[in-house]
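Data block for input17.cif (mmCIF, C-alpha atoms):
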data_structure
#
loop_
_atom_site.group_PDB
_atom_site.id
_atom_site.type_symbol
_atom_site.label_atom_id
_atom_site.label_comp_id
_atom_site.auth_asym_id
_atom_site.auth_seq_id
_atom_site.Cartn_x
_atom_site.Cartn_y
_atom_site.Cartn_z
ATOM 1 C CA MET C 711 0.000 0.000 0.000
ATOM 2 C CA GLN C 712 1.464 3.378 -1.123
ATOM 3 C CA TRP C 713 0.285 6.838 -0.237
ATOM 4 C CA TYR C 714 2.213 10.017 -1.061
ATOM 5 C CA GLY C 715 4.924 7.760 -2.440
ATOM 6 C CA LEU C 716 5.599 5.992 0.945
ATOM 7 C CA SER C 717 5.301 2.270 1.593
ATOM 8 C CA TRP C 718 2.884 2.283 4.490
ATOM 9 C CA SER C 719 2.761 -1.501 4.723
ATOM 10 C CA ASP C 720 6.461 -1.574 5.577
ATOM 11 C CA ILE C 721 6.010 1.299 8.043
ATOM 12 C CA PHE C 722 3.197 -0.505 9.926
ATOM 13 C CA LEU C 723 5.099 -3.809 9.970
ATOM 14 C CA ASN C 724 8.203 -2.117 11.366
ATOM 15 C CA VAL C 725 6.167 -0.308 14.041
ATOM 16 C CA ILE C 726 4.486 -3.583 15.072
ATOM 17 C CA ALA C 727 7.801 -5.464 15.179
ATOM 18 C CA LEU C 728 9.887 -2.768 16.848
ATOM 19 C CA ALA C 729 7.440 -1.103 19.229
ATOM 20 C CA PHE C 730 3.971 -2.580 19.384
ATOM 21 C CA LEU C 731 4.717 -6.210 20.308
ATOM 22 C CA PRO C 732 7.682 -5.593 22.680
ATOM 23 C CA GLY C 733 5.967 -2.600 24.215
ATOM 24 C CA LEU C 734 2.695 -4.461 24.631
ATOM 25 C CA LEU C 735 4.429 -7.325 26.429
ATOM 26 C CA ALA C 736 6.350 -4.973 28.710
ATOM 27 C CA THR C 737 3.295 -2.843 29.424
ATOM 28 C CA TYR C 738 1.093 -5.839 30.158
ATOM 29 C CA GLY C 739 3.742 -7.209 32.545
ATOM 30 C CA GLY C 740 3.869 -3.889 34.356
ATOM 31 C CA HIS C 741 0.083 -3.843 34.426
ATOM 32 C CA LEU C 742 -0.001 -7.262 36.151
ATOM 33 C CA ALA C 743 2.750 -6.272 38.545
ATOM 34 C CA ALA C 744 0.793 -3.181 39.602
ATOM 35 C CA GLU C 745 -2.120 -5.410 40.575
ATOM 36 C CA ALA C 746 -0.068 -6.618 43.569
ATOM 37 C CA VAL C 747 0.198 -3.102 44.995
ATOM 38 C CA PRO C 748 -2.194 -2.860 48.013
ATOM 39 C CA ASP C 749 -3.015 0.804 47.417
ATOM 40 C CA ARG C 750 -5.480 0.673 44.494
ATOM 41 C CA LYS C 751 -5.135 4.368 43.713
ATOM 42 C CA ARG C 752 -1.383 4.064 43.438
ATOM 43 C CA ALA C 753 -1.748 0.835 41.450
ATOM 44 C CA ARG C 754 -3.896 2.591 38.822
ATOM 45 C CA LYS C 755 -1.357 5.418 38.505
ATOM 46 C CA ILE C 756 1.385 2.876 37.831
ATOM 47 C CA GLN C 757 -0.770 1.145 35.218
ATOM 48 C CA PHE C 758 -1.567 4.507 33.485
ATOM 49 C CA CYS C 759 2.154 5.290 33.404
ATOM 50 C CA PHE C 760 2.942 1.971 31.721
ATOM 51 C CA TRP C 761 0.202 2.451 29.116
ATOM 52 C CA GLY C 762 1.242 6.075 28.520
ATOM 53 C CA ILE C 763 4.828 5.026 27.939
ATOM 54 C CA PHE C 764 3.539 2.338 25.563
ATOM 55 C CA LEU C 765 1.536 4.849 23.496
ATOM 56 C CA ALA C 766 4.418 7.325 23.457
ATOM 57 C CA LEU C 767 6.729 4.564 22.246
ATOM 58 C CA LEU C 768 4.288 3.707 19.457
ATOM 59 C CA LEU C 769 4.027 7.344 18.323
ATOM 60 C CA VAL C 770 7.786 7.937 18.401
ATOM 61 C CA THR C 771 8.478 4.716 16.520
ATOM 62 C CA PHE C 772 5.758 5.543 13.957
ATOM 63 C CA TRP C 773 7.198 9.026 13.393
ATOM 64 C CA GLN C 774 10.748 7.630 13.119
ATOM 65 C CA GLN C 775 9.611 5.114 10.483
ATOM 66 C CA ILE C 776 7.912 7.851 8.424
ATOM 67 C CA ARG C 777 11.071 9.986 8.536
ATOM 68 C CA ALA C 778 13.170 7.019 7.482
ATOM 69 C CA ALA C 779 10.797 6.222 4.589
ATOM 70 C CA GLU C 780 10.867 9.847 3.404
ATOM 71 C CA SER C 781 14.665 9.870 3.532
ATOM 72 C CA ASP C 782 14.824 6.682 1.461
ATOM 73 C CA GLN C 783 12.355 8.149 -1.014
ATOM 74 C CA ALA C 784 14.439 11.322 -1.466
ATOM 75 C CA LYS C 785 17.576 9.226 -1.887
ATOM 76 C CA ASN C 786 15.913 7.024 -4.506
ATOM 77 C CA THR C 787 14.593 10.084 -6.369
ATOM 78 C CA LYS C 788 18.042 11.657 -6.475
ATOM 79 C CA GLU C 789 19.606 8.422 -7.718
ATOM 80 C CA THR C 790 16.923 8.131 -10.403
ATOM 81 C CA TRP C 791 17.607 11.671 -11.607
ATOM 82 C CA ASN C 792 21.346 11.036 -11.673
ATOM 83 C CA GLU C 793 20.822 7.887 -13.722
ATOM 84 C CA ALA C 794 18.538 9.748 -16.113
ATOM 85 C CA LEU C 795 21.127 12.516 -16.567
ATOM 86 C CA VAL C 796 23.884 9.979 -17.238
ATOM 87 C CA LEU C 797 21.727 8.164 -19.784
ATOM 88 C CA ARG C 798 20.831 11.454 -21.444
ATOM 89 C CA MET C 799 24.493 12.424 -21.734
ATOM 90 C CA LEU C 800 25.479 9.011 -23.101
ATOM 91 C CA PHE C 801 22.591 8.441 -25.473
ATOM 92 C CA ARG C 802 21.353 11.946 -26.379
ATOM 93 C CA SER C 803 20.385 12.509 -30.002
ATOM 94 C CA PRO C 804 22.901 14.268 -32.228
ATOM 95 C CA ILE C 805 22.698 18.044 -32.572
ATOM 96 C CA PRO C 806 20.714 18.910 -35.705
ATOM 97 C CA PRO C 807 22.611 20.659 -38.460
ATOM 98 C CA ALA C 808 22.760 24.421 -38.334
ATOM 99 C CA ASP C 809 20.684 24.649 -41.510
ATOM 100 C CA LEU C 810 17.599 23.626 -39.554
ATOM 101 C CA PHE C 811 17.781 26.777 -37.466
ATOM 102 C CA ARG C 812 18.111 29.151 -40.353
ATOM 103 C CA SER C 813 15.058 31.304 -40.895
ATOM 104 C CA SER C 814 13.008 30.716 -43.980
ATOM 105 C CA PRO C 815 13.541 33.196 -46.786
ATOM 106 C CA ALA C 816 11.635 36.441 -46.380
ATOM 107 C CA ARG C 817 8.304 36.579 -48.148
ATOM 108 C CA PRO C 818 8.524 38.813 -51.227
ATOM 109 C CA PRO C 819 6.610 42.081 -50.933
ATOM 110 C CA GLN C 820 3.148 42.337 -52.469
ATOM 111 C CA PRO C 821 2.327 45.164 -54.870
ATOM 112 C CA ASN C 822 0.227 48.037 -53.564
ATOM 113 C CA LEU C 823 -1.385 50.049 -56.322
ATOM 114 C CA GLY C 824 -2.862 53.481 -55.664
ATOM 115 C CA MET C 825 -4.083 56.467 -57.670
ATOM 116 C CA GLU C 826 -3.472 60.194 -57.586
ATOM 117 C CA PHE C 827 -5.110 63.131 -59.361
ATOM 118 C CA ILE C 828 -3.366 66.176 -60.784
ATOM 119 C CA MET C 829 -4.514 69.323 -62.488
ATOM 120 C CA LEU C 830 -3.501 69.790 -66.118
ATOM 121 C CA GLU C 831 -5.849 71.719 -68.378
ATOM 122 C CA PHE C 832 -8.508 69.402 -66.950
ATOM 123 C CA VAL C 833 -8.473 66.958 -64.035
ATOM 124 C CA ALA C 834 -6.109 64.066 -64.823
ATOM 125 C CA PHE C 835 -5.398 60.750 -63.128
ATOM 126 C CA ARG C 836 -2.532 58.287 -62.960
ATOM 127 C CA MET C 837 -1.895 55.005 -61.150
ATOM 128 C CA VAL C 838 0.991 54.858 -58.680
ATOM 129 C CA ASN C 839 2.943 51.822 -57.477
ATOM 130 C CA GLU C 840 3.409 52.462 -53.747
ATOM 131 C CA SER C 841 5.293 49.227 -53.033
ATOM 132 C CA ASP C 842 8.663 47.580 -53.656
ATOM 133 C CA ALA C 843 7.089 44.944 -55.922
ATOM 134 C CA ILE C 844 6.248 45.048 -59.625
ATOM 135 C CA VAL C 845 2.589 45.705 -60.464
ATOM 136 C CA ARG C 846 1.194 43.719 -63.390
ATOM 137 C CA ASP C 847 -2.166 43.963 -65.183
ATOM 138 C CA ALA C 848 -3.310 47.074 -63.309
ATOM 139 C CA LYS C 849 -7.073 47.658 -63.339
ATOM 140 C CA TYR C 850 -9.244 50.688 -62.601
ATOM 141 C CA THR C 851 -12.958 51.490 -62.652
ATOM 142 C CA PHE C 852 -14.657 54.903 -62.451
ATOM 143 C CA ILE C 853 -18.176 55.231 -61.020
ATOM 144 C CA LEU C 854 -19.024 58.890 -61.645
ATOM 145 C CA THR C 855 -22.086 60.999 -62.262
ATOM 146 C CA ASP C 856 -22.523 64.542 -63.597
ATOM 147 C CA LEU C 857 -24.613 66.272 -60.916
ATOM 148 C CA ASP C 858 -25.523 68.976 -63.403
ATOM 149 C CA GLY C 859 -26.035 66.638 -66.372
ATOM 150 C CA PRO C 860 -29.304 65.575 -68.033
ATOM 151 C CA ARG C 861 -31.640 63.712 -65.672
ATOM 152 C CA THR C 862 -32.565 60.807 -67.889
ATOM 153 C CA VAL C 863 -33.111 58.148 -65.204
ATOM 154 C CA GLU C 864 -36.640 58.111 -63.772
ATOM 155 C CA THR C 865 -37.682 56.200 -60.657
ATOM 156 C CA LYS C 866 -41.051 54.656 -59.855
ATOM 157 C CA ASP C 867 -42.071 57.655 -57.742
ATOM 158 C CA GLY C 868 -41.395 60.040 -60.632
ATOM 159 C CA ALA C 869 -38.038 61.396 -59.433
ATOM 160 C CA THR C 870 -35.328 61.859 -62.075
ATOM 161 C CA PHE C 871 -31.566 61.421 -61.755
ATOM 162 C CA PRO C 872 -28.565 61.811 -64.036
ATOM 163 C CA GLN C 873 -27.175 58.521 -65.255
ATOM 164 C CA LEU C 874 -23.684 57.283 -64.459
ATOM 165 C CA LEU C 875 -21.050 58.374 -66.926
ATOM 166 C CA GLN C 876 -20.238 55.712 -69.505
ATOM 167 C CA ILE C 877 -16.620 54.990 -68.526
ATOM 168 C CA PRO C 878 -15.501 51.386 -69.170
ATOM 169 C CA THR C 879 -13.361 49.402 -66.769
ATOM 170 C CA VAL C 880 -9.751 49.429 -68.009
ATOM 171 C CA VAL C 881 -7.166 46.661 -67.529
ATOM 172 C CA ASN C 882 -3.581 47.317 -68.583
ATOM 173 C CA ALA C 883 -3.124 43.713 -69.686
ATOM 174 C CA ASN C 884 0.423 42.441 -70.222
ATOM 175 C CA ASP C 885 1.766 45.701 -68.872
ATOM 176 C CA PHE C 886 3.768 46.348 -65.706
ATOM 177 C CA LEU C 887 4.704 49.169 -63.394
ATOM 178 C CA ARG C 888 8.065 49.203 -61.645
ATOM 179 C CA PRO C 889 8.337 49.667 -57.850
ATOM 180 C CA ARG C 890 7.665 53.257 -56.724
ATOM 181 C CA ASP C 891 6.885 54.278 -60.313
ATOM 182 C CA ARG C 892 3.892 56.087 -61.895
ATOM 183 C CA TYR C 893 1.984 55.939 -65.139
ATOM 184 C CA ILE C 894 1.745 58.987 -67.380
ATOM 185 C CA PRO C 895 -1.265 61.137 -66.321
ATOM 186 C CA ARG C 896 -4.389 61.108 -68.484
ATOM 187 C CA GLU C 897 -7.093 63.753 -68.455
ATOM 188 C CA LEU C 898 -10.242 62.149 -67.138
ATOM 189 C CA VAL C 899 -13.187 63.593 -69.077
ATOM 190 C CA PRO C 900 -11.506 64.016 -72.511
ATOM 191 C CA THR C 901 -10.107 60.448 -72.374
ATOM 192 C CA PHE C 902 -13.523 58.760 -72.365
ATOM 193 C CA PRO C 903 -16.049 59.697 -75.111
ATOM 194 C CA GLY C 904 -18.967 58.600 -72.919
ATOM 195 C CA ALA C 905 -17.980 61.246 -70.358
ATOM 196 C CA ALA C 906 -16.886 63.938 -72.810
ATOM 197 C CA SER C 907 -20.279 63.846 -74.553
ATOM 198 C CA VAL C 908 -22.152 64.596 -71.307
ATOM 199 C CA VAL C 909 -19.918 66.680 -69.036
ATOM 200 C CA LYS C 910 -19.783 70.373 -69.911
ATOM 201 C CA LYS C 911 -17.552 73.071 -68.490
ATOM 202 C CA GLY C 912 -18.816 74.118 -65.092
ATOM 203 C CA ASP C 913 -20.579 70.797 -64.413
ATOM 204 C CA ARG C 914 -19.960 69.194 -61.020
ATOM 205 C CA VAL C 915 -18.788 65.581 -61.193
ATOM 206 C CA PHE C 916 -18.767 63.231 -58.200
ATOM 207 C CA GLY C 917 -18.192 59.533 -57.599
ATOM 208 C CA TYR C 918 -15.416 57.114 -56.800
ATOM 209 C CA VAL C 919 -12.677 55.112 -58.505
ATOM 210 C CA THR C 920 -11.484 51.579 -57.716
ATOM 211 C CA VAL C 921 -7.914 50.494 -58.489
ATOM 212 C CA THR C 922 -6.221 47.117 -57.969
ATOM 213 C CA CYS C 923 -4.250 44.317 -59.638
ATOM 214 C CA PRO C 924 -4.413 40.470 -59.551
ATOM 215 C CA ASN C 925 -1.910 40.099 -56.686
ATOM 216 C CA CYS C 926 -2.197 43.511 -55.047
ATOM 217 C CA VAL C 927 -2.286 43.573 -51.263
ATOM 218 C CA LYS C 928 -5.773 45.135 -51.351
ATOM 219 C CA VAL C 929 -8.399 46.923 -53.433
ATOM 220 C CA ARG C 930 -8.220 50.700 -53.000
ATOM 221 C CA ARG C 931 -11.017 53.206 -53.591
ATOM 222 C CA TYR C 932 -11.046 56.998 -53.763
ATOM 223 C CA TRP C 933 -13.825 59.563 -53.603
ATOM 224 C CA LEU C 934 -13.522 62.143 -56.390
ATOM 225 C CA TYR C 935 -15.200 65.529 -56.784
ATOM 226 C CA PHE C 936 -14.419 68.320 -59.258
ATOM 227 C CA THR C 937 -15.930 71.087 -61.331
ATOM 228 C CA HIS C 938 -15.030 70.412 -64.944
ATOM 229 C CA GLY C 939 -12.874 73.089 -66.550
ATOM 230 C CA SER C 940 -11.788 74.656 -63.250
ATOM 231 C CA GLU C 941 -9.318 73.901 -60.444
ATOM 232 C CA ILE C 942 -12.096 73.257 -57.948
ATOM 233 C CA GLY C 943 -11.974 69.698 -56.664
ATOM 234 C CA TRP C 944 -10.408 67.106 -54.389
ATOM 235 C CA TYR C 945 -10.083 63.371 -53.790
ATOM 236 C CA SER C 946 -9.871 61.160 -50.711
ATOM 237 C CA GLU C 947 -9.203 57.474 -50.100
ATOM 238 C CA PHE C 948 -12.029 55.433 -48.614
ATOM 239 C CA GLU C 949 -11.823 54.715 -44.914
ATOM 240 C CA ALA C 950 -11.648 51.054 -43.898
ATOM 241 C CA LYS C 951 -15.318 50.607 -42.890
ATOM 242 C CA GLN C 952 -16.889 53.084 -45.284
ATOM 243 C CA LYS C 953 -19.726 51.788 -47.471
ATOM 244 C CA VAL C 954 -19.263 51.645 -51.235
ATOM 245 C CA GLU C 955 -22.353 53.502 -52.413
ATOM 246 C CA LEU C 956 -23.186 56.640 -54.344
ATOM 247 C CA PRO C 957 -26.003 58.616 -52.625
ATOM 248 C CA ILE C 958 -27.128 60.455 -55.761
ATOM 249 C CA GLY C 959 -30.521 61.418 -54.308
ATOM 250 C CA ARG C 960 -29.054 63.142 -51.260
ATOM 251 C CA LEU C 961 -26.371 64.780 -53.403
ATOM 252 C CA LEU C 962 -28.976 66.387 -55.656
ATOM 253 C CA LEU C 963 -30.997 67.651 -52.690
ATOM 254 C CA ASP C 964 -28.084 69.086 -50.692
ATOM 255 C CA THR C 965 -24.699 68.598 -52.330
ATOM 256 C CA GLU C 966 -22.477 70.377 -49.789
ATOM 257 C CA GLN C 967 -23.998 68.773 -46.698
ATOM 258 C CA THR C 968 -23.846 65.299 -48.236
ATOM 259 C CA LEU C 969 -20.211 65.773 -49.346
ATOM 260 C CA ASN C 970 -19.212 67.017 -45.890
ATOM 261 C CA LYS C 971 -20.793 63.954 -44.309
ATOM 262 C CA LEU C 972 -19.086 61.568 -46.718
ATOM 263 C CA VAL C 973 -15.666 63.223 -46.684
ATOM 264 C CA PRO C 974 -14.834 65.832 -44.017
ATOM 265 C CA SER C 975 -12.711 68.737 -45.227
ATOM 266 C CA ASP C 976 -9.605 67.558 -43.346
ATOM 267 C CA LYS C 977 -9.657 64.269 -45.292
ATOM 268 C CA ARG C 978 -9.713 65.896 -48.740
ATOM 269 C CA ILE C 979 -6.573 65.949 -50.902
ATOM 270 C CA PRO C 980 -6.283 68.829 -53.371
ATOM 271 C CA PHE C 981 -5.197 68.106 -56.951
ATOM 272 C CA ALA C 982 -1.445 68.293 -57.375
ATOM 273 C CA LYS C 983 0.256 70.428 -59.978
ATOM 274 C CA PRO C 984 2.373 68.699 -62.678
#
Can you turn what I pasted into structure tokens?
Amino acid sequence: MQWYGLSWSDIFLNVIALAFLPGLLATYGGHLAAEAVPDRKRARKIQFCFWGIFLALLLVTFWQQIRAAESDQAKNTKETWNEALVLRMLFRSPIPPADLFRSSPARPPQPNLGMEFIMLEFVAFRMVNESDAIVRDAKYTFILTDLDGPRTVETKDGATFPQLLQIPTVVNANDFLRPRDRYIPRELVPTFPGAASVVKKGDRVFGYVTVTCPNCVKVRRYWLYFTHGSEIGWYSEFEAKQKVELPIGRLLLDTEQTLNKLVPSDKRIPFAKP
């Protein structure tokens, strides 16, 4: 029987052999001898002394056996650890080659394609590689509307809106852009016939542009607002959680308030000069 790692069977056997049986015999002999004492009160005191000594002997022997068992246990544990350390030193596995600890090659950077707007004779745009990787097959899409253009789209409730400008999605297939490089700027409205046929000088144009590439780190979007034929305008990159929607109805009712809600003035980037 083991409890807390000690062999209690051995402890009890040793206590019985060393203290219980000899002590019981001696105590019982003293008990019988005390019976011959005429004074019964004194006889009982002698008997209590013998039995007290017997119990004390049992307790001391029991405690001594526990201490001895604990000492043996600690000794055995230490010897086991020493043996384990010797075996580990003798039979440890070989040290792996240094190549295993070399870090894996750094992951190549991903391209990050952005867009900027500049002011030539008219508002112009160009894609910009803002990473240390080569951009391939760059793609952009304009979603714009002329706020002052013809209102040819009619809703069920009779309201009319200007249609989106007919600007196709463009992919620069089989083309590339070197790290930290830029494309040549292109004037926005004159480049696309579908926009040039609608937008007149003085018209306000608003919307957003999306730019990305097949392995770009993310898709980037920019709000864009300008008055065609003037230097009035700005752009701003979408915030992370901003919805991708064009609130044309609210823009027609109150353009300035809606623009301020979408893009606060401190977030607007003015058009750069060439």
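Near Phe835 (chain C), within a cut-off of 7 Å and counting only C-alpha atoms, sit the residues C:Glu826, C:Phe827, C:Ile828, C:Pro895, C:Arg896, C:Glu897, C:Leu898, with same-chain residues fewer than 3 positions away left out.
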Env of Ile958 (chain C): 9 Å cut, atoms = only C-alpha atoms, seq-sep filter 4 positions within chain, self excluded. Answer as a list in words. Thr855, Leu857, Phe871, Pro872, Leu962 and Leu963 of chain C
Here's the selection I'm unsure about, the PyMOL selection byres ((chain C and resi 849) around 12); applied to the file above, which residues does it give, as a PyMOL selection string? chain C and resi 823-825+836-838+845-848+850-852+878-887+919-926+929-931
If you measure from CA of Phe948 (chain C) to CA of Val833 (chain C), what distance in Å do you get, rounded to one decimal? 19.6 Å
Spell out the residues picked by the PyMOL selection byres ((chain C and resi 842) around 10) here, as a PDB file with C-alpha atoms, keeping the file's coordinate frame.
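Wrote result_37.pdb, looks like this:
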ATOM      1  CA  PRO C 818       8.524  38.813 -51.227  1.00  0.00           C
ATOM      2  CA  PRO C 819       6.610  42.081 -50.933  1.00  0.00           C
ATOM      3  CA  GLN C 820       3.148  42.337 -52.469  1.00  0.00           C
ATOM      4  CA  PRO C 821       2.327  45.164 -54.870  1.00  0.00           C
ATOM      5  CA  ASN C 822       0.227  48.037 -53.564  1.00  0.00           C
ATOM      6  CA  ASN C 839       2.943  51.822 -57.477  1.00  0.00           C
ATOM      7  CA  GLU C 840       3.409  52.462 -53.747  1.00  0.00           C
ATOM      8  CA  SER C 841       5.293  49.227 -53.033  1.00  0.00           C
ATOM      9  CA  ALA C 843       7.089  44.944 -55.922  1.00  0.00           C
ATOM     10  CA  ILE C 844       6.248  45.048 -59.625  1.00  0.00           C
ATOM     11  CA  VAL C 845       2.589  45.705 -60.464  1.00  0.00           C
ATOM     12  CA  ARG C 888       8.065  49.203 -61.645  1.00  0.00           C
ATOM     13  CA  PRO C 889       8.337  49.667 -57.850  1.00  0.00           C
ATOM     14  CA  ARG C 890       7.665  53.257 -56.724  1.00  0.00           C
ATOM     15  CA  ASP C 891       6.885  54.278 -60.313  1.00  0.00           C
TER      16      ASP C 891
END
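Comparing C:Lys953, C:Ser946, C:Val915, C:Arg978 by their smallest distance to Thr965 (chain C), the closest is C:Val915 (using only C-alpha atoms).
Within the 10 Å cut-off around Ser975 (chain C), using only C-alpha atoms and omitting residues fewer than 5 positions from it on the same chain, the listed residues are Trp944, Ser946, Leu969 and Asn970 of chain C.
Take CA of Asp913 (chain C) and CA of Thr862 (chain C): the distance between them is 16.0 Å.
Here the question is which of C:Ala950, C:Leu874, C:Ala753, C:Ile763 gets nearest to Ala736 (chain C) using all atoms listed in the file, and that residue is C:Ile763.
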Quick one: 3 Å padding each side, axis-aligned, all listed atoms of region 959-974 of chain C - centre and edge lengths in Å to one decimal, as AutoDock Vina command-line options?
--center_x -22.9 --center_y 65.9 --center_z -49.8 --size_x 22.2 --size_y 15.0 --size_z 17.6
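Here CA of Pro900 (chain C) and CA of Leu934 (chain C) stand 16.4 Å from one another.
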If you count all atoms listed in the file, the residue of C:His938, C:Tyr932, C:Val954, C:Ser907 closest to Lys977 (chain C) turns out to be C:Tyr932
Selected by the PyMOL selection byres ((chain C and resi 916) around 9) in the shown coordinates: which residues, as an NGL selection string? :C and (853-857 or 914-915 or 917-918 or 933-937 or 956)
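Shortest atom-to-atom contact with Glu941 (chain C) among C:Arg861, C:Ala834, C:Gly868, C:Ile894: C:Ala834, counting only C-alpha atoms.
With distances restricted to only C-alpha atoms, C:Glu949 is the closest residue to Pro974 (chain C) from C:Gly904, C:Val899, C:Ile756, C:Glu949.
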